[in-house]
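Take a look at the structure set out below.
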Amino acid sequence: MFWFVALALFVIAGFVALRPRPVLVDVAVATIRPMDVRVEEDGRTRIRERYVVSTPLTGRLLRVTFDVGDPVWADKTVLTRMEATDPSLLDPRAVAQAEARVRAAERKHEAAKSSLLSAESALNFAESEMGRVRQMLAKNAASQSEFAEKELEFRQRTEEVRVAGFSVDIAKYELELERAALLLTDPSQKKQSGGNGEMELMIKAPIDGRILRIYQESAAVVTAGSPLMDIGDPTDLEVVADVLSRDAVRVSAGDPVRLKHWGGEGPLNGRVRLVEPSGFTKLSALGVEEQRVNVIVDILDPPETRHQLGDGFRVDCEIVVWESDRVLQIPTSALFRVDGDWHVFTIEGSRAVRKRIEIGYNNGRTAQVVDGVDESSRVITHPSDSVEDGVAVTER
């Protein structure tokens, strides 16, 4: 009897020792929760309306007494003065050139005013359409997406009116400057300056803002068209993010943007205004040529909350190209391909079961499950080669 019991215990111990042990696995649960898909790229800030002040004629430029960062006001601040001491200004060819520049400035001014009228008409139509869809939405006769589309169009037309108005102001300034330069080419209308018999032209600020850069500070003889300084409003910023062309096709005007790591407390909110229609080639950090597209983002937060942010600053852009409040999702680490189809291992009882699933959106961390597993299903993440269909598993 003793030997029989000993033999039985030996057989049981051998069976237990030789029996395959369950594979230790990591497990995640399929859950329904909010999900979004983002395009993340570096961006840089820039002033939306930057104006380059240049000389309208050839002459002697007096020293610029302003410094970078000084505020200026349109038609009030005299940036610098020019003395038209070059005798060539008085010959017939110079007069004809000055008259041609005046005519060109007049045409530009008229074209800018026409563009403004067209933009205002488009804005009025977009506003009426948005109001009409808002009324339909209140009666459940229109969808929220239709109203969002009309609202986006209204914002775009508003921006076009703002840009067109700025163009009209600049064109008017350039016209007045060219007319003043034409007077200096006419000896019969020259004005005395300080009793020295030299003609003088005052170059005033075209817009309200601050001096961003000074190209020519010292007194010198300059030719017509020489840049003097850049002027802009540092609080009127936008963000330019160059994204890969394959990502740019997923980005649309109106997509929300989060601007992070800009140096202040908390992220800033933004919205995509424009995806430029043409791309460009850029070398990556590894020396690989990439096709990229500029995405223009408007900053929605007021200037008071970002007064430290300036022109040419770096920010991280997270563009939300899709989002939903209720999405059945699993970690992407649970996915693997078999014959081109996506599969996962689920745990049923104590064994792994391979299932084919269909996924939708994928943000790199989690994937939307369209079909294949249900809510609360337990899936194996990072399955090793030891995990096979039907193998015994246990949670790590």
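Numbering starts fresh at 1 for the residues of each chain in the structure tokens, the chains themselves are lettered A, B, ... in the order given, and ligands are numbered from 1 as they appear.
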Extract, using only C-alpha atoms, all DNA, RNA and protein residues at most 9 Å from Gln368 of chain A, discarding same-chain residues fewer than 6 positions from it, and format them as a ChimeraX atom specification. /A:35,327-330,358-362
List as a PyMOL selection string the protein and nucleic acid residues near segment 280-282 of chain A, meaning an atom at most 9 Å away when only C-alpha atoms are counted, but skip any in the same chain fewer than 3 places from it. chain A and resi 288-294
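Take the candidates A:Leu116, A:Val353, A:Leu61, A:Ala224 and check each one against Pro383 of chain A using only C-alpha atoms; the shortest distance goes to A:Val353.
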Find the spatial neighbours of segment 120-137 of chain A, counting only C-alpha atoms, within a cut-off of 7 Å - ignore same-chain residues fewer than 3 positions away - and output them as a PyMOL selection string. chain A and resi 116-117+140-143+147+150-151+153-154+157-158+161
Give the strand (DSSP E or B) residues of segment 45-119 of chain A, as DSSP finds them on the backbone, and put them as a ChimeraX atom specification. /A:45-47,51-54,59-61,71-72,78-83
Residues just named, written with C-alpha atoms as an mmCIF file, in the first residue's frame:
```cif
data_model
loop_
_atom_site.group_PDB
_atom_site.id
_atom_site.type_symbol
_atom_site.label_atom_id
_atom_site.label_comp_id
_atom_site.auth_asym_id
_atom_site.auth_seq_id
_atom_site.Cartn_x
_atom_site.Cartn_y
_atom_site.Cartn_z
ATOM 1 C CA THR A 45 4.459 82.623 -34.680
ATOM 2 C CA ARG A 46 4.437 85.486 -37.132
ATOM 3 C CA ILE A 47 2.775 88.863 -37.352
ATOM 4 C CA TYR A 51 4.725 96.119 -43.704
ATOM 5 C CA VAL A 52 8.144 96.924 -45.171
ATOM 6 C CA VAL A 53 8.737 100.676 -45.369
ATOM 7 C CA SER A 54 10.894 101.520 -48.395
ATOM 8 C CA GLY A 59 18.069 110.594 -52.383
ATOM 9 C CA ARG A 60 19.908 111.170 -49.149
ATOM 10 C CA LEU A 61 18.347 109.435 -46.168
ATOM 11 C CA PRO A 71 5.580 102.249 -31.098
ATOM 12 C CA VAL A 72 4.450 104.147 -34.203
ATOM 13 C CA VAL A 78 7.579 110.537 -38.968
ATOM 14 C CA LEU A 79 9.938 107.591 -39.363
ATOM 15 C CA THR A 80 12.647 109.477 -41.229
ATOM 16 C CA ARG A 81 13.262 112.208 -43.802
ATOM 17 C CA MET A 82 14.824 112.185 -47.239
ATOM 18 C CA GLU A 83 16.614 114.979 -49.042
#
```
Minimum-distance residue to Arg101 of chain A, chosen among A:Phe336, A:Ala181, A:Ser115, A:His343 (using only C-alpha atoms):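 Between A:Phe336, A:Ala181, A:Ser115, A:His343, the residue approaching Arg101 of chain A most closely is A:Ala181.
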Quick one: residues within 9 Å of Gly364 of chain A, only C-alpha atoms counted, chain neighbours fewer than 4 positions away excluded, as a PyMOL selection string? chain A and resi 37+331-332
